[in-house]
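Visitor: Input structure: coords22.cif, which contains mmCIF, C-alpha atoms.
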```cif
data_my_file
loop_
_atom_site.label_atom_id
_atom_site.label_comp_id
_atom_site.auth_asym_id
_atom_site.auth_seq_id
_atom_site.Cartn_x
_atom_site.Cartn_y
_atom_site.Cartn_z
CA MET A 1 45.56 -77.16 47.01
CA ASN A 2 44.75 -76.55 43.38
CA ARG A 3 42.25 -79.36 43.50
CA CYS A 4 40.40 -77.68 46.41
CA CYS A 5 40.22 -74.33 44.59
CA ALA A 6 38.76 -76.02 41.53
CA VAL A 7 36.06 -77.63 43.66
CA LEU A 8 35.14 -74.27 45.22
CA LEU A 9 34.91 -72.62 41.82
CA LEU A 10 32.60 -75.34 40.58
CA LEU A 11 30.35 -74.89 43.59
CA ALA A 12 30.20 -71.06 43.31
CA GLY A 13 29.54 -71.07 39.58
CA PRO A 14 25.76 -71.69 39.81
CA LEU A 15 25.41 -68.91 42.40
CA TRP A 16 27.06 -66.38 40.11
CA ALA A 17 24.94 -67.45 37.16
CA ALA A 18 21.57 -67.30 39.02
CA GLU A 19 19.27 -64.39 37.96
CA PRO A 20 17.76 -62.23 40.71
CA GLN A 21 14.10 -62.78 41.51
CA LEU A 22 11.21 -60.37 40.84
CA ARG A 23 7.92 -60.74 42.69
CA VAL A 24 4.73 -58.64 42.60
CA GLN A 25 2.13 -58.69 45.35
CA ALA A 26 -1.19 -56.80 45.38
CA ILE A 27 -3.82 -56.39 48.13
CA LEU A 28 -7.02 -54.35 48.57
CA LEU A 29 -7.25 -51.77 51.36
CA PRO A 30 -9.34 -51.50 53.47
CA GLY A 31 -10.97 -54.67 52.11
CA SER A 32 -13.11 -56.23 49.41
CA ALA A 33 -16.40 -54.56 50.46
CA VAL A 34 -16.94 -50.81 50.04
CA VAL A 35 -19.82 -48.43 49.40
CA VAL A 36 -20.34 -46.30 46.30
CA GLY A 37 -18.16 -43.19 46.51
CA GLU A 38 -15.75 -44.73 49.01
CA GLN A 39 -12.14 -44.88 47.91
CA LEU A 40 -10.19 -48.08 48.28
CA GLN A 41 -6.59 -48.75 47.39
CA VAL A 42 -4.79 -51.42 45.42
CA GLN A 43 -1.42 -51.67 47.12
CA VAL A 44 1.23 -53.13 44.83
CA ASP A 45 4.60 -54.30 46.20
CA VAL A 46 7.39 -54.89 43.67
CA LEU A 47 10.10 -57.05 45.34
CA THR A 48 13.53 -58.39 44.47
CA ASP A 49 16.28 -60.23 46.36
CA THR A 50 18.97 -57.77 45.17
CA TRP A 51 18.19 -54.12 44.48
CA PHE A 52 16.53 -51.94 41.85
CA THR A 53 18.49 -49.80 39.44
CA ALA A 54 15.42 -47.74 38.43
CA ALA A 55 11.74 -47.30 39.21
CA ALA A 56 9.36 -50.06 38.18
CA THR A 57 6.97 -49.70 35.23
CA LEU A 58 3.33 -50.29 36.16
CA PRO A 59 0.41 -50.73 33.71
CA ASP A 60 -2.63 -48.49 33.33
CA LEU A 61 -5.64 -49.71 35.26
CA LYS A 62 -9.16 -48.98 33.98
CA LEU A 63 -12.36 -50.22 35.61
CA PRO A 64 -15.75 -49.43 34.02
CA GLY A 65 -17.99 -47.82 36.62
CA ALA A 66 -15.12 -46.56 38.77
CA ARG A 67 -12.61 -43.71 38.77
CA VAL A 68 -9.01 -44.90 39.04
CA GLN A 69 -6.17 -42.69 40.25
CA PRO A 70 -2.78 -44.08 39.13
CA PRO A 71 0.31 -44.07 41.37
CA ASN A 72 2.02 -40.69 41.62
CA GLY A 73 5.41 -42.12 40.62
CA GLU A 74 6.93 -41.94 44.10
CA ALA A 75 7.28 -45.33 45.78
CA GLN A 76 7.67 -46.25 49.43
CA HIS A 77 10.51 -48.57 50.31
CA THR A 78 9.65 -51.82 51.98
CA THR A 79 11.42 -54.98 53.19
CA GLN A 80 9.80 -58.41 53.50
CA VAL A 81 10.94 -61.89 54.47
CA ILE A 82 9.43 -64.58 52.24
CA ASP A 83 10.22 -68.26 52.92
CA GLY A 84 13.18 -67.22 55.05
CA GLN A 85 14.65 -65.00 52.31
CA THR A 86 14.83 -61.18 52.52
CA PHE A 87 13.31 -59.18 49.68
CA TYR A 88 13.67 -55.47 49.10
CA GLY A 89 11.00 -53.60 47.25
CA MET A 90 8.99 -50.54 46.25
CA ARG A 91 5.33 -49.99 47.15
CA TYR A 92 2.89 -48.29 44.76
CA THR A 93 -0.77 -47.46 45.29
CA TYR A 94 -3.75 -47.18 42.93
CA GLY A 95 -6.81 -45.28 44.18
CA ILE A 96 -10.22 -46.63 43.10
CA THR A 97 -13.53 -44.84 43.69
CA PRO A 98 -16.59 -46.81 42.48
CA ASN A 99 -19.42 -44.73 41.01
CA VAL A 100 -22.02 -47.51 40.74
CA ALA A 101 -23.07 -50.41 42.92
CA GLN A 102 -21.73 -53.59 41.32
CA HIS A 103 -19.07 -56.29 41.43
CA PHE A 104 -15.60 -55.24 40.25
CA ASN A 105 -12.74 -57.42 39.01
CA VAL A 106 -9.20 -56.08 39.17
CA PRO A 107 -7.09 -57.95 36.61
CA ALA A 108 -3.57 -59.19 37.20
CA LEU A 109 -1.07 -56.37 36.88
CA THR A 110 2.08 -56.99 34.84
CA VAL A 111 5.03 -55.05 36.26
CA SER A 112 8.50 -54.75 34.73
CA ALA A 113 11.64 -53.67 36.59
CA GLN A 114 15.44 -53.83 36.39
CA PRO A 115 16.91 -55.54 39.47
CA GLY A 116 20.60 -55.27 40.17
CA GLN A 117 22.77 -58.04 38.63
CA ALA A 118 19.97 -58.90 36.17
CA SER A 119 21.05 -59.36 32.57
CA ALA A 120 17.79 -57.78 31.30
CA PRO A 121 14.60 -56.19 32.67
CA LEU A 122 12.32 -58.70 34.41
CA SER A 123 8.52 -58.94 34.44
CA ALA A 124 6.12 -60.42 36.97
CA GLN A 125 2.36 -60.41 37.57
CA SER A 126 0.21 -59.85 40.60
CA GLN A 127 -2.74 -62.03 41.48
CA PRO A 128 -6.20 -60.82 40.30
CA LEU A 129 -8.44 -59.16 42.88
CA ALA A 130 -12.19 -58.51 43.26
CA PHE A 131 -14.43 -56.31 45.39
CA ASP A 132 -18.10 -55.35 45.70
CA ALA A 133 -19.50 -51.81 45.90
CA THR A 134 -22.93 -51.26 47.47
CA ARG A 135 -25.06 -48.14 47.84
CA PRO A 136 -25.03 -46.78 51.40
CA ALA A 137 -28.29 -46.54 53.29
CA GLY A 138 -30.12 -43.22 53.29
CA PHE A 139 -29.32 -42.16 49.70
CA ALA A 140 -31.81 -42.21 46.85
CA SER A 141 -30.91 -43.92 43.60
CA ASP A 142 -30.43 -40.60 41.77
CA GLU A 143 -28.78 -38.78 44.69
CA PRO A 144 -25.01 -38.13 44.66
CA VAL A 145 -23.16 -40.07 47.35
CA LEU A 146 -20.43 -38.36 49.35
CA VAL A 147 -18.26 -40.77 51.32
CA ALA A 148 -15.48 -39.49 53.59
CA SER A 149 -13.79 -40.25 56.87
CA ALA A 150 -14.22 -36.63 58.01
CA LEU A 151 -15.94 -33.49 56.69
CA ARG A 152 -15.35 -29.78 57.26
CA LEU A 153 -17.55 -26.87 56.14
CA SER A 154 -16.88 -23.13 56.20
CA GLN A 155 -18.39 -20.07 54.56
CA THR A 156 -17.83 -16.33 54.10
CA LEU A 157 -20.12 -13.53 52.94
CA ALA A 158 -18.89 -10.49 50.99
CA ALA A 159 -21.67 -7.90 51.40
CA ARG A 160 -21.53 -4.35 52.77
CA ASP A 161 -23.97 -1.42 52.56
CA LEU A 162 -26.08 -3.24 49.98
CA LYS A 163 -28.35 -1.26 47.66
CA VAL A 164 -30.41 -2.16 44.65
CA GLY A 165 -28.02 -3.08 41.85
CA ASP A 166 -25.21 -4.23 44.17
CA SER A 167 -23.89 -7.78 44.31
CA LEU A 168 -23.05 -10.08 47.22
CA THR A 169 -20.99 -13.28 47.20
CA ARG A 170 -21.51 -16.26 49.48
CA THR A 171 -18.44 -18.51 49.42
CA LEU A 172 -18.96 -22.15 50.50
CA THR A 173 -15.92 -24.34 51.20
CA LEU A 174 -16.20 -28.13 51.56
CA GLN A 175 -13.25 -30.31 52.60
CA ALA A 176 -13.45 -34.10 52.87
CA ASP A 177 -10.85 -36.65 53.98
CA ASN A 178 -10.08 -39.80 52.01
CA THR A 179 -12.07 -38.78 48.95
CA PRO A 180 -10.87 -36.94 45.81
CA GLY A 181 -12.06 -33.45 44.97
CA LEU A 182 -14.00 -34.59 41.90
CA SER A 183 -16.24 -36.73 44.14
CA LEU A 184 -17.55 -33.71 46.08
CA PRO A 185 -21.11 -32.74 45.04
CA PRO A 186 -22.23 -29.12 44.45
CA PRO A 187 -24.36 -27.36 47.09
CA SER A 188 -28.10 -27.12 46.53
CA ALA A 189 -28.74 -23.37 46.20
CA MET A 190 -32.41 -22.38 46.47
CA PRO A 191 -33.81 -19.31 44.59
CA ILE A 192 -34.50 -16.21 46.68
CA ASN A 193 -37.12 -13.64 45.70
CA GLY A 194 -35.51 -10.25 45.14
CA LEU A 195 -32.03 -11.72 44.56
CA ARG A 196 -30.87 -13.00 41.20
CA LEU A 197 -28.32 -15.83 41.35
CA TYR A 198 -25.48 -15.87 38.82
CA PRO A 199 -23.76 -19.31 38.56
CA GLN A 200 -19.98 -19.34 38.91
CA ALA A 201 -17.42 -22.06 38.16
CA PRO A 202 -16.30 -23.89 41.34
CA SER A 203 -12.72 -24.39 42.42
CA ILE A 204 -11.99 -28.13 42.85
CA SER A 205 -8.67 -29.55 44.05
CA ASN A 206 -7.12 -32.42 45.98
CA LEU A 207 -5.55 -32.23 49.41
CA ASP A 208 -2.20 -33.92 49.97
CA ASP A 209 0.26 -34.59 52.75
CA GLY A 210 3.03 -32.52 51.16
CA ARG A 211 4.76 -35.61 49.75
CA GLY A 212 2.44 -36.18 46.79
CA SER A 213 -0.04 -38.52 48.47
CA VAL A 214 -3.69 -37.45 48.15
CA THR A 215 -5.41 -37.25 51.55
CA GLY A 216 -8.72 -35.73 50.52
CA GLY A 217 -10.52 -33.22 48.34
CA GLN A 218 -11.69 -29.61 48.47
CA ARG A 219 -14.50 -27.82 46.66
CA ILE A 220 -15.14 -24.05 46.81
CA ASP A 221 -18.42 -22.70 45.38
CA TYR A 222 -19.18 -19.02 44.80
CA LEU A 223 -22.86 -18.02 44.99
CA VAL A 224 -23.11 -14.50 43.52
CA TYR A 225 -26.43 -12.69 43.98
CA ARG A 226 -27.55 -9.35 42.53
CA VAL A 227 -29.99 -7.26 44.57
CA GLU A 228 -33.08 -6.49 42.48
CA GLN A 229 -35.19 -4.88 45.22
CA GLY A 230 -34.58 -3.62 48.71
CA GLY A 231 -35.51 -5.53 51.83
CA HIS A 232 -34.39 -8.01 54.48
CA TYR A 233 -33.07 -11.29 53.05
CA THR A 234 -32.16 -14.65 54.57
CA LEU A 235 -29.68 -16.84 52.72
CA PRO A 236 -30.99 -20.28 53.75
CA ALA A 237 -28.96 -22.98 55.43
CA ILE A 238 -27.55 -25.62 53.06
CA SER A 239 -27.25 -29.23 54.18
CA VAL A 240 -24.70 -31.81 53.02
CA LYS A 241 -25.54 -35.48 53.45
CA TRP A 242 -22.53 -37.79 53.63
CA TRP A 243 -21.56 -41.31 54.60
CA ASP A 244 -19.06 -41.58 57.43
CA SER A 245 -16.68 -44.35 56.30
CA ARG A 246 -14.94 -44.38 59.68
CA ASN A 247 -18.08 -44.97 61.76
CA HIS A 248 -20.17 -46.52 58.93
CA ARG A 249 -23.21 -44.32 59.37
CA LEU A 250 -25.11 -41.51 57.67
CA GLN A 251 -24.16 -37.98 58.70
CA VAL A 252 -25.57 -34.53 57.86
CA ALA A 253 -23.49 -31.35 57.95
CA GLN A 254 -24.80 -27.84 57.34
CA TRP A 255 -23.76 -24.36 56.37
CA PRO A 256 -25.82 -22.06 58.66
CA ALA A 257 -28.18 -19.43 57.30
CA LEU A 258 -27.06 -15.82 56.81
CA THR A 259 -29.06 -12.58 56.83
CA VAL A 260 -28.47 -9.41 54.80
CA GLU A 261 -30.20 -6.04 54.44
CA ALA A 262 -30.49 -4.08 51.19
CA GLN A 263 -31.71 -0.49 50.80
CA ALA A 264 -34.51 0.14 48.37
CA ILE A 265 -32.97 3.34 46.91
CA SER A 266 -29.89 2.60 44.91
CA ALA A 267 -26.95 4.96 44.88
CA TYR A 268 -26.19 3.67 41.44
CA THR A 269 -27.32 5.97 38.60
CA PRO A 270 -27.24 4.45 35.13
CA THR A 271 -25.03 6.28 32.67
CA TYR A 272 -27.90 6.63 30.21
CA SER A 273 -31.12 6.62 32.16
CA ILE A 274 -34.48 7.34 30.54
CA GLU A 275 -34.98 10.53 32.58
CA GLN A 276 -31.52 11.85 31.73
CA GLN A 277 -32.01 11.04 28.06
CA HIS A 278 -35.42 12.78 28.05
CA TRP A 279 -33.96 15.89 29.68
CA THR A 280 -31.05 15.92 27.22
CA LEU A 281 -33.38 15.75 24.25
CA SER A 282 -35.61 18.48 25.70
CA ARG A 283 -32.65 20.79 26.29
CA GLN A 284 -31.32 20.24 22.77
CA LEU A 285 -34.76 20.97 21.31
CA LEU A 286 -35.01 24.21 23.29
CA LEU A 287 -31.56 25.31 22.14
CA TRP A 288 -32.45 24.56 18.52
CA ILE A 289 -35.71 26.53 18.72
CA ALA A 290 -33.94 29.47 20.39
CA SER A 291 -31.24 29.49 17.67
CA VAL A 292 -33.83 29.54 14.90
CA ALA A 293 -35.71 32.33 16.64
CA VAL A 294 -32.51 34.40 16.98
CA LEU A 295 -31.71 33.93 13.28
CA ILE A 296 -35.22 34.98 12.26
CA LEU A 297 -35.11 38.04 14.50
CA ALA A 298 -31.66 39.01 13.20
CA GLY A 299 -32.85 38.67 9.61
CA TYR A 300 -35.91 40.81 10.29
CA LEU A 301 -33.89 43.54 12.00
CA LEU A 302 -31.30 43.52 9.20
CA HIS A 303 -34.02 43.83 6.59
CA ALA A 304 -35.73 46.67 8.47
CA LEU A 305 -32.57 48.61 9.30
CA TRP A 306 -30.61 48.04 6.08
CA PRO A 307 -31.76 51.29 4.28
CA ARG A 308 -30.83 53.39 7.29
CA ILE A 309 -27.46 51.58 7.63
CA ALA A 310 -26.76 52.13 3.94
CA ARG A 311 -27.54 55.90 4.09
CA THR A 312 -25.34 56.24 7.18
CA SER A 313 -22.50 54.42 5.45
CA ARG A 314 -22.65 56.73 2.38
CA LYS A 315 -22.66 59.88 4.54
CA THR A 316 -19.68 58.56 6.56
CA TRP A 317 -17.69 57.76 3.43
CA ALA A 318 -18.43 61.19 1.86
CA ALA A 319 -17.35 63.00 5.01
CA LEU A 320 -14.14 60.98 5.10
CA ARG A 321 -13.28 61.94 1.48
CA TRP A 322 -14.04 65.62 2.14
CA TRP A 323 -11.65 65.72 5.10
CA CYS A 324 -8.96 63.92 3.13
CA ARG A 325 -9.18 66.56 0.34
CA ARG A 326 -9.01 69.37 2.89
CA LEU A 327 -5.92 67.86 4.48
CA ARG A 328 -4.48 67.09 1.02
CA LEU A 329 -3.88 63.48 1.93
CA LEU A 330 -2.99 61.27 -0.98
CA PRO A 331 -4.35 57.74 -1.15
CA LEU A 332 -1.96 54.91 -0.32
CA ASN A 333 -3.25 52.88 -3.25
CA PRO A 334 -2.67 54.75 -6.52
CA ARG A 335 -5.52 52.90 -8.18
CA HIS A 336 -7.94 54.72 -5.95
CA GLU A 337 -6.58 58.24 -6.62
CA LYS A 338 -9.87 58.99 -8.32
CA ASP A 339 -11.43 58.80 -4.91
CA PHE A 340 -9.54 61.97 -3.97
CA PRO A 341 -10.15 64.52 -6.77
#
```
Translate the structure of the given file into structure tokens.

Guide:
Amino acid sequence: MNRCCAVLLLLAGPLWAAEPQLRVQAILLPGSAVVVGEQLQVQVDVLTDTWFTAAATLPDLKLPGARVQPPNGEAQHTTQVIDGQTFYGMRYTYGITPNVAQHFNVPALTVSAQPGQASAPLSAQSQPLAFDATRPAGFASDEPVLVASALRLSQTLAARDLKVGDSLTRTLTLQADNTPGLSLPPPSAMPINGLRLYPQAPSISNLDDGRGSVTGGQRIDYLVYRVEQGGHYTLPAISVKWWDSRNHRLQVAQWPALTVEAQAISAYTPTYSIEQQHWTLSRQLLLWIASVAVLILAGYLLHALWPRIARTSRKTWAALRWWCRRLRLLPLNPRHEKDFP
């Protein structure tokens, strides 16, 4: 019996001592041929035959001529059977959007992870990948390329009872599926006689599925116009040319034209208009001239009437002293007793 147990222990020893396996697989989605502006994905599966005690550590990926979006840190769980053996793993995704038409090489990615029952963190590499980006038909060499699987346009206009000096805002919203917000081009706004356009910063963001995965992009542009003269205005239609990655063809979407009416007479009165300033200066000048004239007239009258006023004052004072003596009233101030002899 003891001899049988010893044999079993010898057979199980290599199994206990074996390290778990770590494998890394990478593929390109949807394939190795894309157009400029189209996003493709590098799907990386990190697999082990036991389990993972923590998230895997992936390297930074940089490709000249392309914009790379790293994984968001949240992995999808996956299970695969390789050579009859079950592997459990985590799936990460890089997003790549080529900006130029050229051949791209994706190097091998070195991934480290800590599988269960491993004595130390393990590392493994994926196989290198390559893809080609070409310019879609219908776009000039210097024209921005918008590639999406679907496109949605909407607009609003904030304008009411417009007069000269008022402002109106045309808000243009562009949403695209399967392309990041930074890939969305600005609208081509044409100048309009009588309206002055003031550029505003756009609002650019990514759309997601609520779980952290980017599903598209959104760009909101604000075209603010100031009315410089009254009249009937048409805000022209604005077209957006884009490549339909789902149907592989050129598409054109459009914001329709809008019309507005502005009155020629503005209800807005500047705080310091030229007419008001002229009237203020004229009124101040008239008041100053009138004040000088009043002072001159008062001085002349005082000069002409002063002798008469002086004689009247002396007669009034003499009469007052005479009555005080008759009534035998003594002065309140002893120093002036001489005034009452």

Visitor: If we count all atoms listed in the file and set the cut-off at 12 Å, which residues sit around stretch 84-93 of chain A, ignoring sequence neighbours fewer than 6 positions away in its own chain? Please answer as a PyMOL selection string.

Guide: chain A and resi 20-29+39-59+61+68-78+109+111+113-116+212-214

Visitor: Taking into account all atoms listed in the file, which residue in the set A:Leu250, A:Ala189, A:Lys315, A:Asp132 is nearest to A:Val100?

Guide: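 Closest residue, counting all atoms listed in the file: A:Asp132.
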
Visitor: Applying the PyMOL selection byres ((chain A and resi 129) around 8) to the file I just gave you, which residues come out? Please list them as an mmCIF file with C-alpha atoms, in the coordinates of the input.

Guide:
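Heads up, here's the output in part26.cif:
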```cif
data_model
loop_
_atom_site.group_PDB
_atom_site.id
_atom_site.type_symbol
_atom_site.label_atom_id
_atom_site.label_comp_id
_atom_site.auth_asym_id
_atom_site.auth_seq_id
_atom_site.Cartn_x
_atom_site.Cartn_y
_atom_site.Cartn_z
ATOM 1 C CA ILE A 27 -3.820 -56.390 48.130
ATOM 2 C CA LEU A 28 -7.020 -54.350 48.570
ATOM 3 C CA ASN A 105 -12.740 -57.420 39.010
ATOM 4 C CA VAL A 106 -9.200 -56.080 39.170
ATOM 5 C CA PRO A 107 -7.090 -57.950 36.610
ATOM 6 C CA ALA A 108 -3.570 -59.190 37.200
ATOM 7 C CA GLN A 127 -2.740 -62.030 41.480
ATOM 8 C CA PRO A 128 -6.200 -60.820 40.300
ATOM 9 C CA ALA A 130 -12.190 -58.510 43.260
ATOM 10 C CA PHE A 131 -14.430 -56.310 45.390
#
```

Visitor: Rank A:Asp142, A:Glu228, A:Asp208, A:Asp221 by their smallest atom-to-atom distance to A:Ser167, using only C-alpha atoms, and report the top residue only.

Guide: A:Glu228

Visitor: Quick one: residues within 12 Å of A:Asn247, all atoms listed in the file counted, chain neighbours fewer than 2 positions away excluded, as a PyMOL selection string?

Guide: chain A and resi 147-150+242-245+249-251

Visitor: At what distance in Å, to one decimal, does atom CA of A:Ser203 lie from atom CA of A:Pro191?

Guide: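 Taking atom CA of A:Pro191 as the start and atom CA of A:Ser203 as the end point, the length is 21.8 Å.
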
Visitor: What is the atom CA of A:Leu146-atom CA of A:Ala158 distance in Å, reported with one decimal?

Guide: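 Here the two named atoms are 28.0 Å from each other.
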
Visitor: One number please: atom CA of A:Ser239 to atom CA of A:Val34, in Å, one decimal.

Guide: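 Atom CA of A:Val34 lies 24.3 Å from atom CA of A:Ser239.
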